[in-house]
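Colleague: Please find run_14.pdb (PDB, C-alpha atoms, pLDDT in the B column) on the next line:
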MODEL        1
ATOM      1  CA  MET A   1      -0.630  -9.438   9.133  1.00 56.00           C
ATOM      2  CA  ALA A   2       2.171  -9.275  11.673  1.00 62.00           C
ATOM      3  CA  GLU A   3       2.605  -5.915  13.367  1.00 62.00           C
ATOM      4  CA  LEU A   4       6.049  -4.374  13.616  1.00 71.00           C
ATOM      5  CA  GLY A   5       5.397  -3.260  17.159  1.00 59.00           C
ATOM      6  CA  ARG A   6       7.358  -0.683  19.049  1.00 66.00           C
ATOM      7  CA  GLY A   7      10.671  -0.760  20.816  1.00 85.00           C
ATOM      8  CA  ARG A   8      13.959  -2.267  19.725  1.00 91.00           C
ATOM      9  CA  ALA A   9      12.530  -5.371  18.097  1.00 93.00           C
ATOM     10  CA  GLY A  10      10.198  -3.285  15.953  1.00 93.00           C
ATOM     11  CA  GLY A  11      13.058  -1.017  14.937  1.00 94.00           C
ATOM     12  CA  VAL A  12      15.275  -3.957  14.005  1.00 96.00           C
ATOM     13  CA  ALA A  13      12.473  -5.577  12.004  1.00 96.00           C
ATOM     14  CA  ASP A  14      11.792  -2.316  10.191  1.00 96.00           C
ATOM     15  CA  THR A  15      15.459  -1.827   9.285  1.00 96.00           C
ATOM     16  CA  LEU A  16      16.000  -5.418   8.163  1.00 97.00           C
ATOM     17  CA  GLY A  17      12.734  -5.487   6.225  1.00 97.00           C
ATOM     18  CA  GLY A  18      13.743  -2.351   4.379  1.00 96.00           C
ATOM     19  CA  GLU A  19      17.186  -3.758   3.620  1.00 97.00           C
ATOM     20  CA  ILE A  20      15.780  -7.024   2.317  1.00 97.00           C
ATOM     21  CA  ALA A  21      13.339  -5.119   0.089  1.00 96.00           C
ATOM     22  CA  ALA A  22      16.223  -2.922  -1.114  1.00 94.00           C
ATOM     23  CA  GLU A  23      18.209  -6.072  -1.987  1.00 93.00           C
ATOM     24  CA  VAL A  24      20.959  -5.341   0.526  1.00 95.00           C
ATOM     25  CA  PHE A  25      20.289  -8.952   1.440  1.00 96.00           C
ATOM     26  CA  ARG A  26      19.286 -11.002  -1.567  1.00 95.00           C
ATOM     27  CA  PRO A  27      17.118 -14.146  -1.799  1.00 96.00           C
ATOM     28  CA  GLY A  28      19.005 -17.194  -0.563  1.00 96.00           C
ATOM     29  CA  GLN A  29      21.400 -15.173   1.572  1.00 96.00           C
ATOM     30  CA  VAL A  30      21.848 -16.451   5.119  1.00 96.00           C
ATOM     31  CA  LEU A  31      21.693 -14.143   8.140  1.00 95.00           C
ATOM     32  CA  LEU A  32      23.147 -15.158  11.487  1.00 92.00           C
ATOM     33  CA  THR A  33      21.450 -14.246  14.744  1.00 92.00           C
ATOM     34  CA  ASP A  34      24.708 -13.536  16.575  1.00 93.00           C
ATOM     35  CA  GLN A  35      25.917 -11.190  13.849  1.00 94.00           C
ATOM     36  CA  LEU A  36      22.617  -9.346  13.838  1.00 95.00           C
ATOM     37  CA  ALA A  37      22.688  -9.001  17.629  1.00 95.00           C
ATOM     38  CA  GLU A  38      26.203  -7.563  17.431  1.00 95.00           C
ATOM     39  CA  ARG A  39      25.338  -5.221  14.591  1.00 96.00           C
ATOM     40  CA  PHE A  40      22.264  -3.753  16.281  1.00 96.00           C
ATOM     41  CA  ALA A  41      23.783  -3.924  19.783  1.00 95.00           C
ATOM     42  CA  VAL A  42      20.767  -5.769  21.159  1.00 95.00           C
ATOM     43  CA  SER A  43      20.159  -9.123  22.815  1.00 95.00           C
ATOM     44  CA  ARG A  44      19.467 -12.301  20.890  1.00 93.00           C
ATOM     45  CA  THR A  45      15.961 -12.177  22.368  1.00 94.00           C
ATOM     46  CA  VAL A  46      15.318  -8.867  20.615  1.00 95.00           C
ATOM     47  CA  ILE A  47      16.650 -10.328  17.358  1.00 95.00           C
ATOM     48  CA  ARG A  48      14.390 -13.369  17.714  1.00 94.00           C
ATOM     49  CA  GLU A  49      11.374 -11.110  18.222  1.00 94.00           C
ATOM     50  CA  ALA A  50      12.287  -9.070  15.146  1.00 95.00           C
ATOM     51  CA  VAL A  51      12.872 -12.208  13.106  1.00 95.00           C
ATOM     52  CA  GLN A  52       9.471 -13.609  14.125  1.00 95.00           C
ATOM     53  CA  VAL A  53       7.836 -10.543  12.579  1.00 95.00           C
ATOM     54  CA  LEU A  54       9.787 -10.931   9.341  1.00 97.00           C
ATOM     55  CA  GLN A  55       9.051 -14.648   9.241  1.00 96.00           C
ATOM     56  CA  ALA A  56       5.332 -13.903   9.620  1.00 96.00           C
ATOM     57  CA  LYS A  57       5.620 -11.560   6.647  1.00 96.00           C
ATOM     58  CA  ARG A  58       7.489 -14.388   4.873  1.00 97.00           C
ATOM     59  CA  LEU A  59      10.657 -12.409   4.185  1.00 98.00           C
ATOM     60  CA  LEU A  60      12.777 -14.894   6.149  1.00 97.00           C
ATOM     61  CA  ARG A  61      12.821 -18.648   6.565  1.00 95.00           C
ATOM     62  CA  SER A  62      14.405 -20.327   9.595  1.00 90.00           C
ATOM     63  CA  SER A  63      16.169 -23.681   9.176  1.00 86.00           C
ATOM     64  CA  PRO A  64      17.748 -25.591  12.088  1.00 82.00           C
ATOM     65  CA  ARG A  65      21.143 -26.216  10.470  1.00 81.00           C
ATOM     66  CA  ILE A  66      21.275 -23.209   8.174  1.00 83.00           C
ATOM     67  CA  GLY A  67      19.902 -20.241  10.046  1.00 85.00           C
ATOM     68  CA  LEU A  68      17.850 -17.426   8.610  1.00 95.00           C
ATOM     69  CA  THR A  69      17.475 -17.407   4.851  1.00 97.00           C
ATOM     70  CA  VAL A  70      16.036 -14.558   2.794  1.00 97.00           C
ATOM     71  CA  ARG A  71      13.047 -15.832   0.827  1.00 97.00           C
ATOM     72  CA  PRO A  72      12.296 -15.032  -2.832  1.00 96.00           C
ATOM     73  CA  VAL A  73      10.056 -12.012  -3.386  1.00 95.00           C
ATOM     74  CA  VAL A  74       7.242 -14.173  -4.794  1.00 95.00           C
ATOM     75  CA  GLU A  75       6.930 -15.863  -1.380  1.00 97.00           C
ATOM     76  CA  TRP A  76       6.543 -12.621   0.602  1.00 97.00           C
ATOM     77  CA  HIS A  77       3.183 -11.394   1.898  1.00 96.00           C
ATOM     78  CA  LEU A  78       3.053  -8.782  -0.841  1.00 94.00           C
ATOM     79  CA  PHE A  79      -0.220  -7.238   0.369  1.00 93.00           C
ATOM     80  CA  ASP A  80       1.216  -6.527   3.812  1.00 94.00           C
ATOM     81  CA  PRO A  81       1.349  -2.709   4.249  1.00 91.00           C
ATOM     82  CA  ASP A  82       4.861  -2.844   5.753  1.00 94.00           C
ATOM     83  CA  VAL A  83       6.119  -4.947   2.854  1.00 95.00           C
ATOM     84  CA  ILE A  84       4.576  -2.484   0.400  1.00 94.00           C
ATOM     85  CA  ARG A  85       6.204   0.431   2.237  1.00 93.00           C
ATOM     86  CA  TRP A  86       9.603  -1.253   2.210  1.00 94.00           C
ATOM     87  CA  ARG A  87       9.362  -2.131  -1.473  1.00 94.00           C
ATOM     88  CA  LEU A  88       8.256   1.391  -2.389  1.00 91.00           C
ATOM     89  CA  ALA A  89      11.424   2.691  -0.754  1.00 90.00           C
ATOM     90  CA  GLY A  90      13.572   0.197  -2.704  1.00 89.00           C
ATOM     91  CA  PRO A  91      15.011   0.023  -6.213  1.00 88.00           C
ATOM     92  CA  ALA A  92      11.982  -1.770  -7.693  1.00 85.00           C
ATOM     93  CA  ARG A  93       9.546   1.006  -6.769  1.00 86.00           C
ATOM     94  CA  THR A  94       8.577   1.877 -10.360  1.00 84.00           C
ATOM     95  CA  ALA A  95       7.611  -1.695 -11.176  1.00 87.00           C
ATOM     96  CA  LEU A  96       5.748  -1.978  -7.871  1.00 90.00           C
ATOM     97  CA  LEU A  97       3.815   1.226  -8.515  1.00 87.00           C
ATOM     98  CA  ASP A  98       2.738  -0.217 -11.857  1.00 87.00           C
ATOM     99  CA  GLU A  99       1.757  -3.521 -10.259  1.00 90.00           C
ATOM    100  CA  LEU A 100      -0.258  -1.898  -7.485  1.00 91.00           C
ATOM    101  CA  THR A 101      -2.008   0.470  -9.880  1.00 88.00           C
ATOM    102  CA  GLU A 102      -2.792  -2.450 -12.185  1.00 89.00           C
ATOM    103  CA  LEU A 103      -4.306  -4.241  -9.202  1.00 92.00           C
ATOM    104  CA  ARG A 104      -6.378  -1.162  -8.395  1.00 93.00           C
ATOM    105  CA  GLY A 105      -7.476  -0.956 -12.019  1.00 92.00           C
ATOM    106  CA  ALA A 106      -8.719  -4.529 -11.882  1.00 94.00           C
ATOM    107  CA  VAL A 107     -10.516  -4.228  -8.535  1.00 96.00           C
ATOM    108  CA  GLU A 108     -11.671  -0.687  -7.796  1.00 97.00           C
ATOM    109  CA  PRO A 109     -13.886  -0.095 -10.866  1.00 97.00           C
ATOM    110  CA  ALA A 110     -15.672  -3.385 -10.126  1.00 97.00           C
ATOM    111  CA  ALA A 111     -15.933  -2.386  -6.471  1.00 97.00           C
ATOM    112  CA  ALA A 112     -17.422   0.982  -7.440  1.00 98.00           C
ATOM    113  CA  ALA A 113     -20.020  -0.704  -9.640  1.00 98.00           C
ATOM    114  CA  ALA A 114     -20.908  -3.136  -6.847  1.00 97.00           C
ATOM    115  CA  ALA A 115     -21.198  -0.263  -4.355  1.00 97.00           C
ATOM    116  CA  ALA A 116     -23.601   1.523  -6.703  1.00 97.00           C
ATOM    117  CA  ARG A 117     -25.807  -1.578  -6.842  1.00 96.00           C
ATOM    118  CA  ARG A 118     -26.019  -1.836  -3.065  1.00 93.00           C
ATOM    119  CA  ILE A 119     -28.576   0.388  -1.359  1.00 87.00           C
ATOM    120  CA  ASP A 120     -26.791   1.708   1.721  1.00 91.00           C
ATOM    121  CA  PRO A 121     -27.789   5.346   2.325  1.00 93.00           C
ATOM    122  CA  ASP A 122     -25.417   5.819   5.267  1.00 95.00           C
ATOM    123  CA  ALA A 123     -22.393   4.534   3.353  1.00 95.00           C
ATOM    124  CA  ARG A 124     -23.308   6.605   0.304  1.00 95.00           C
ATOM    125  CA  ALA A 125     -23.586   9.704   2.477  1.00 96.00           C
ATOM    126  CA  ALA A 126     -20.214   8.927   4.064  1.00 96.00           C
ATOM    127  CA  LEU A 127     -18.588   8.573   0.641  1.00 97.00           C
ATOM    128  CA  LEU A 128     -20.065  11.876  -0.533  1.00 97.00           C
ATOM    129  CA  ALA A 129     -18.824  13.521   2.664  1.00 97.00           C
ATOM    130  CA  GLU A 130     -15.328  12.146   2.087  1.00 97.00           C
ATOM    131  CA  SER A 131     -15.230  13.429  -1.485  1.00 96.00           C
ATOM    132  CA  ALA A 132     -16.411  16.818  -0.180  1.00 97.00           C
ATOM    133  CA  ARG A 133     -13.493  16.827   2.280  1.00 97.00           C
ATOM    134  CA  MET A 134     -11.120  16.053  -0.593  1.00 97.00           C
ATOM    135  CA  ARG A 135     -12.566  18.955  -2.556  1.00 96.00           C
ATOM    136  CA  ALA A 136     -12.230  21.296   0.442  1.00 97.00           C
ATOM    137  CA  ALA A 137      -8.628  20.204   1.012  1.00 96.00           C
ATOM    138  CA  ALA A 138      -7.855  20.839  -2.657  1.00 96.00           C
ATOM    139  CA  MET A 139      -9.361  24.326  -2.429  1.00 95.00           C
ATOM    140  CA  THR A 140      -7.236  25.211   0.608  1.00 95.00           C
ATOM    141  CA  GLY A 141      -4.097  23.431  -0.609  1.00 95.00           C
ATOM    142  CA  ASP A 142      -4.004  21.157   2.445  1.00 96.00           C
ATOM    143  CA  HIS A 143      -1.914  18.272   1.110  1.00 93.00           C
ATOM    144  CA  ALA A 144      -1.991  16.113   4.270  1.00 93.00           C
ATOM    145  CA  ALA A 145      -5.770  16.411   4.636  1.00 96.00           C
ATOM    146  CA  PHE A 146      -6.238  15.602   0.951  1.00 96.00           C
ATOM    147  CA  VAL A 147      -4.180  12.408   1.193  1.00 94.00           C
ATOM    148  CA  ASP A 148      -5.935  11.341   4.393  1.00 96.00           C
ATOM    149  CA  SER A 149      -9.350  11.804   2.773  1.00 97.00           C
ATOM    150  CA  ASP A 150      -8.186  10.035  -0.370  1.00 96.00           C
ATOM    151  CA  VAL A 151      -7.120   7.024   1.701  1.00 96.00           C
ATOM    152  CA  ARG A 152     -10.434   6.966   3.581  1.00 97.00           C
ATOM    153  CA  PHE A 153     -12.410   7.384   0.342  1.00 97.00           C
ATOM    154  CA  HIS A 154     -10.894   4.321  -1.301  1.00 97.00           C
ATOM    155  CA  GLY A 155     -11.060   2.233   1.843  1.00 96.00           C
ATOM    156  CA  LEU A 156     -14.741   3.079   2.279  1.00 97.00           C
ATOM    157  CA  LEU A 157     -15.513   2.354  -1.368  1.00 97.00           C
ATOM    158  CA  LEU A 158     -13.910  -1.084  -1.170  1.00 97.00           C
ATOM    159  CA  GLU A 159     -15.953  -1.847   1.956  1.00 96.00           C
ATOM    160  CA  MET A 160     -19.142  -0.630   0.261  1.00 96.00           C
ATOM    161  CA  SER A 161     -18.692  -3.194  -2.499  1.00 96.00           C
ATOM    162  CA  GLY A 162     -19.956  -5.874  -0.113  1.00 95.00           C
ATOM    163  CA  ASN A 163     -17.091  -8.130  -1.152  1.00 96.00           C
ATOM    164  CA  PRO A 164     -14.838  -8.872   1.859  1.00 96.00           C
ATOM    165  CA  LEU A 165     -11.948  -9.755  -0.455  1.00 95.00           C
ATOM    166  CA  PHE A 166     -12.167  -6.306  -2.022  1.00 96.00           C
ATOM    167  CA  ALA A 167     -12.455  -4.738   1.427  1.00 95.00           C
ATOM    168  CA  GLN A 168      -9.196  -6.306   2.571  1.00 93.00           C
ATOM    169  CA  LEU A 169      -7.383  -4.429  -0.183  1.00 94.00           C
ATOM    170  CA  GLY A 170      -8.130  -1.151   1.615  1.00 94.00           C
ATOM    171  CA  PRO A 171      -4.792  -1.100   3.480  1.00 93.00           C
ATOM    172  CA  VAL A 172      -2.978  -1.890   0.213  1.00 92.00           C
ATOM    173  CA  THR A 173      -4.504   1.125  -1.515  1.00 92.00           C
ATOM    174  CA  GLY A 174      -3.862   3.233   1.568  1.00 92.00           C
ATOM    175  CA  GLU A 175      -0.180   2.309   1.676  1.00 90.00           C
ATOM    176  CA  LEU A 176       0.152   3.022  -2.031  1.00 89.00           C
ATOM    177  CA  LEU A 177      -1.347   6.497  -1.650  1.00 90.00           C
ATOM    178  CA  ARG A 178       0.723   7.311   1.425  1.00 89.00           C
ATOM    179  CA  GLY A 179       3.802   5.872  -0.263  1.00 87.00           C
ATOM    180  CA  ARG A 180       3.291   8.112  -3.285  1.00 86.00           C
ATOM    181  CA  ALA A 181       3.095  11.096  -0.950  1.00 85.00           C
ATOM    182  CA  ALA A 182       6.274  10.065   0.899  1.00 84.00           C
ATOM    183  CA  LEU A 183       8.112   9.579  -2.405  1.00 83.00           C
ATOM    184  CA  GLN A 184       6.865  12.963  -3.678  1.00 83.00           C
ATOM    185  CA  LEU A 185       4.945  11.254  -6.459  1.00 81.00           C
ATOM    186  CA  LEU A 186       1.840  13.323  -5.781  1.00 82.00           C
ATOM    187  CA  PRO A 187       1.277  16.987  -6.664  1.00 83.00           C
ATOM    188  CA  ALA A 188       2.837  19.280  -4.048  1.00 82.00           C
ATOM    189  CA  VAL A 189      -0.508  21.094  -4.020  1.00 87.00           C
ATOM    190  CA  PRO A 190      -3.671  18.958  -4.275  1.00 92.00           C
ATOM    191  CA  ASP A 191      -5.160  18.918  -7.753  1.00 92.00           C
ATOM    192  CA  PRO A 192      -8.813  20.082  -7.820  1.00 94.00           C
ATOM    193  CA  ALA A 193      -9.312  17.959 -10.947  1.00 95.00           C
ATOM    194  CA  ASP A 194      -8.483  14.866  -8.902  1.00 95.00           C
ATOM    195  CA  ALA A 195     -11.128  15.852  -6.355  1.00 96.00           C
ATOM    196  CA  THR A 196     -13.607  16.312  -9.209  1.00 96.00           C
ATOM    197  CA  ARG A 197     -12.883  12.809 -10.496  1.00 97.00           C
ATOM    198  CA  HIS A 198     -13.543  11.379  -7.029  1.00 97.00           C
ATOM    199  CA  ASP A 199     -16.747  13.430  -6.817  1.00 97.00           C
ATOM    200  CA  ALA A 200     -17.940  11.769 -10.009  1.00 98.00           C
ATOM    201  CA  VAL A 201     -17.394   8.335  -8.454  1.00 98.00           C
ATOM    202  CA  ALA A 202     -19.229   9.279  -5.264  1.00 98.00           C
ATOM    203  CA  VAL A 203     -22.183  10.811  -7.130  1.00 97.00           C
ATOM    204  CA  ALA A 204     -22.524   7.811  -9.457  1.00 98.00           C
ATOM    205  CA  ILE A 205     -22.576   5.464  -6.461  1.00 97.00           C
ATOM    206  CA  ALA A 206     -24.999   7.682  -4.542  1.00 96.00           C
ATOM    207  CA  THR A 207     -27.401   7.754  -7.498  1.00 96.00           C
ATOM    208  CA  GLY A 208     -27.144   3.995  -8.012  1.00 97.00           C
ATOM    209  CA  ASP A 209     -25.507   4.081 -11.457  1.00 97.00           C
ATOM    210  CA  PRO A 210     -23.076   1.115 -11.652  1.00 98.00           C
ATOM    211  CA  ASP A 211     -21.884   1.828 -15.195  1.00 98.00           C
ATOM    212  CA  ALA A 212     -21.071   5.459 -14.428  1.00 98.00           C
ATOM    213  CA  ALA A 213     -19.405   4.493 -11.146  1.00 98.00           C
ATOM    214  CA  GLU A 214     -17.205   1.935 -12.868  1.00 98.00           C
ATOM    215  CA  ALA A 215     -16.218   4.335 -15.646  1.00 98.00           C
ATOM    216  CA  ALA A 216     -15.504   7.169 -13.203  1.00 98.00           C
ATOM    217  CA  MET A 217     -13.320   4.951 -11.022  1.00 97.00           C
ATOM    218  CA  ARG A 218     -11.461   3.642 -14.037  1.00 97.00           C
ATOM    219  CA  LEU A 219     -10.620   7.246 -14.911  1.00 97.00           C
ATOM    220  CA  VAL A 220      -9.346   7.895 -11.369  1.00 96.00           C
ATOM    221  CA  VAL A 221      -6.986   4.910 -11.536  1.00 94.00           C
ATOM    222  CA  ARG A 222      -5.861   5.681 -15.093  1.00 93.00           C
ATOM    223  CA  GLU A 223      -4.990   9.256 -14.206  1.00 92.00           C
ATOM    224  CA  SER A 224      -3.163   8.036 -11.107  1.00 89.00           C
ATOM    225  CA  LEU A 225      -0.914   5.784 -13.188  1.00 85.00           C
ATOM    226  CA  ASP A 226      -0.320   8.488 -15.806  1.00 87.00           C
ATOM    227  CA  ASP A 227       0.613  10.975 -13.089  1.00 86.00           C
ATOM    228  CA  ILE A 228       3.095   8.558 -11.532  1.00 85.00           C
ATOM    229  CA  HIS A 229       4.857   8.071 -14.859  1.00 81.00           C
ATOM    230  CA  ARG A 230       4.885  11.791 -15.616  1.00 85.00           C
ATOM    231  CA  ARG A 231       6.698  12.403 -12.356  1.00 82.00           C
ATOM    232  CA  LEU A 232       9.100   9.516 -12.911  1.00 78.00           C
ATOM    233  CA  GLY A 233       9.682  10.455 -16.542  1.00 77.00           C
ATOM    234  CA  THR A 234       8.777   6.942 -17.691  1.00 73.00           C
ATOM    235  CA  THR A 235       6.213   5.388 -19.990  1.00 67.00           C
ATOM    236  CA  PRO A 236       3.346   3.271 -18.581  1.00 62.00           C
TER     237      PRO A 236
ENDMDL
END
Show this structure as structure tokens.

Modeller:
Amino acid sequence: MAELGRGRAGGVADTLGGEIAAEVFRPGQVLLTDQLAERFAVSRTVIREAVQVLQAKRLLRSSPRIGLTVRPVVEWHLFDPDVIRWRLAGPARTALLDELTELRGAVEPAAAAAAARRIDPDARAALLAESARMRAAAMTGDHAAFVDSDVRFHGLLLEMSGNPLFAQLGPVTGELLRGRAALQLLPAVPDPADATRHDAVAVAIATGDPDAAEAAMRLVVRESLDDIHRRLGTTP
């Protein structure tokens, strides 16, 4: 996945990526390098660097006689964390939240079951420790610590599955959780019940119970989707 990087090029790429995701520039629309350089008051070199990042994420296509064309959403690297962040800030966020949670619902219960079948004492201990940190953060009302532990918990679980394809979804889940926090689609104060649900997953994996791990993770994802829709006032 292409990194945004720092400096002017990274800032331009971040702004343009967000605008494309927000449909300020729609698929098929042509962007001109000179106009972009004038708008952002930067050199064409900076614009080219920014465009290279967006091309790597497949938001833009460069054609010799046409210029830069915005690509259809289906062609974007939709698992790229920056693309997820931009889309979550755009008008299609509700649909995206559903799509990402549906993806989690398809993958994470299976990953939890696989993790329970694998005998890895160190990883199991790490998962239990992470769920304990979530529980402690919920008890103290530390929202930032709770989200950080939640992100690490799911990333670790996906790695524990032993399936590298599952593991690569860790950043996707992480961006979803951080995006929910940024959009105020998480409780302002961590919910102890959520920590309890994660505890159940960790314990089931630690005791080597695939069926219980799968069921517990399915409940975590289901409650996540229900909570999103409660806060948005929509129906899943």

Colleague: Which residues fall under the PyMOL selection byres ((chain A and resi 193) around 12) in this file, as a short mmCIF file (atom, residue, chain, number, x, y, z; two decimals) with C-alpha atoms, in the coordinates of the input?

Modeller:
data_model
loop_
_atom_site.label_atom_id
_atom_site.label_comp_id
_atom_site.auth_asym_id
_atom_site.auth_seq_id
_atom_site.Cartn_x
_atom_site.Cartn_y
_atom_site.Cartn_z
CA MET A 134 -11.12 16.05 -0.59
CA ARG A 135 -12.57 18.95 -2.56
CA ALA A 138 -7.86 20.84 -2.66
CA MET A 139 -9.36 24.33 -2.43
CA PRO A 187 1.28 16.99 -6.66
CA VAL A 189 -0.51 21.09 -4.02
CA PRO A 190 -3.67 18.96 -4.28
CA ASP A 191 -5.16 18.92 -7.75
CA PRO A 192 -8.81 20.08 -7.82
CA ASP A 194 -8.48 14.87 -8.90
CA ALA A 195 -11.13 15.85 -6.36
CA THR A 196 -13.61 16.31 -9.21
CA ARG A 197 -12.88 12.81 -10.50
CA HIS A 198 -13.54 11.38 -7.03
CA ASP A 199 -16.75 13.43 -6.82
CA ALA A 200 -17.94 11.77 -10.01
CA LEU A 219 -10.62 7.25 -14.91
CA VAL A 220 -9.35 7.90 -11.37
CA GLU A 223 -4.99 9.26 -14.21
CA SER A 224 -3.16 8.04 -11.11
#

Colleague: List, as a ChimeraX atom specification, every residue that the PyMOL selection byres ((chain A and resi 93-98) around 12) selects in the file provided.

Modeller: /A:21-22,73,78-79,83-92,99-105,172-173,175-177,179-180,183,185,221-222,224-236

Colleague: Using Å and a single decimal, report how far atom CA of Ala113 of chain A sits from atom CA of Asp211 of chain A.

Modeller: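 Result for atom CA of Asp211 of chain A versus atom CA of Ala113 of chain A: 6.4 Å, one decimal.
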
Colleague: For each of A:Ala213, A:Leu158, A:Leu59, A:Val74, take the minimum atom-to-atom distance to Ala111 of chain A, counting all atoms listed in the file, then give the residue where this is smallest.

Modeller: A:Leu158

Colleague: As a list in words, please: the residues near Ala50 of chain A (cut-off 9 Å, only C-alpha atoms, same-chain neighbours under 3 positions excluded).

Modeller: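 The neighbour list is Leu4, Arg8, Ala9, Gly10, Gly11, Val12, Ala13, Asp14, Leu16, Thr45, Val46, Ile47, Val53, Leu54 and Gln55 of chain A.
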
Colleague: Could you save the residues just selected, with C-alpha atoms, as a PDB file, keeping the file's coordinate frame?

Modeller:
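Saved result, selection.pdb, follows:
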ATOM      1  CA  LEU A   4       6.049  -4.374  13.616  1.00 71.00           C
ATOM      2  CA  ARG A   8      13.959  -2.267  19.725  1.00 91.00           C
ATOM      3  CA  ALA A   9      12.530  -5.371  18.097  1.00 93.00           C
ATOM      4  CA  GLY A  10      10.198  -3.285  15.953  1.00 93.00           C
ATOM      5  CA  GLY A  11      13.058  -1.017  14.937  1.00 94.00           C
ATOM      6  CA  VAL A  12      15.275  -3.957  14.005  1.00 96.00           C
ATOM      7  CA  ALA A  13      12.473  -5.577  12.004  1.00 96.00           C
ATOM      8  CA  ASP A  14      11.792  -2.316  10.191  1.00 96.00           C
ATOM      9  CA  LEU A  16      16.000  -5.418   8.163  1.00 97.00           C
ATOM     10  CA  THR A  45      15.961 -12.177  22.368  1.00 94.00           C
ATOM     11  CA  VAL A  46      15.318  -8.867  20.615  1.00 95.00           C
ATOM     12  CA  ILE A  47      16.650 -10.328  17.358  1.00 95.00           C
ATOM     13  CA  VAL A  53       7.836 -10.543  12.579  1.00 95.00           C
ATOM     14  CA  LEU A  54       9.787 -10.931   9.341  1.00 97.00           C
ATOM     15  CA  GLN A  55       9.051 -14.648   9.241  1.00 96.00           C
TER      16      GLN A  55
END

Colleague: Between atom CA of Gln168 of chain A and atom CA of Thr69 of chain A, what is the spacing in Å?

Modeller: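 Spanning atom CA of Thr69 of chain A to atom CA of Gln168 of chain A is a straight-line distance of 29.0 Å.
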
Colleague: Please return, as a list in words, all polymer residues that have at least one atom within 12 Å of the point (-17.4, 12.0, 6.1); use all atoms listed in the file and the file's own coordinate frame.

Modeller: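 Checked against the point, the hits come out as Asp122, Ala123, Arg124, Ala125, Ala126, Leu127, Leu128, Ala129, Glu130, Ser131, Ala132, Arg133, Met134, Asp148, Ser149, Asp150, Arg152, Phe153, Leu156 and Ala202 of chain A.
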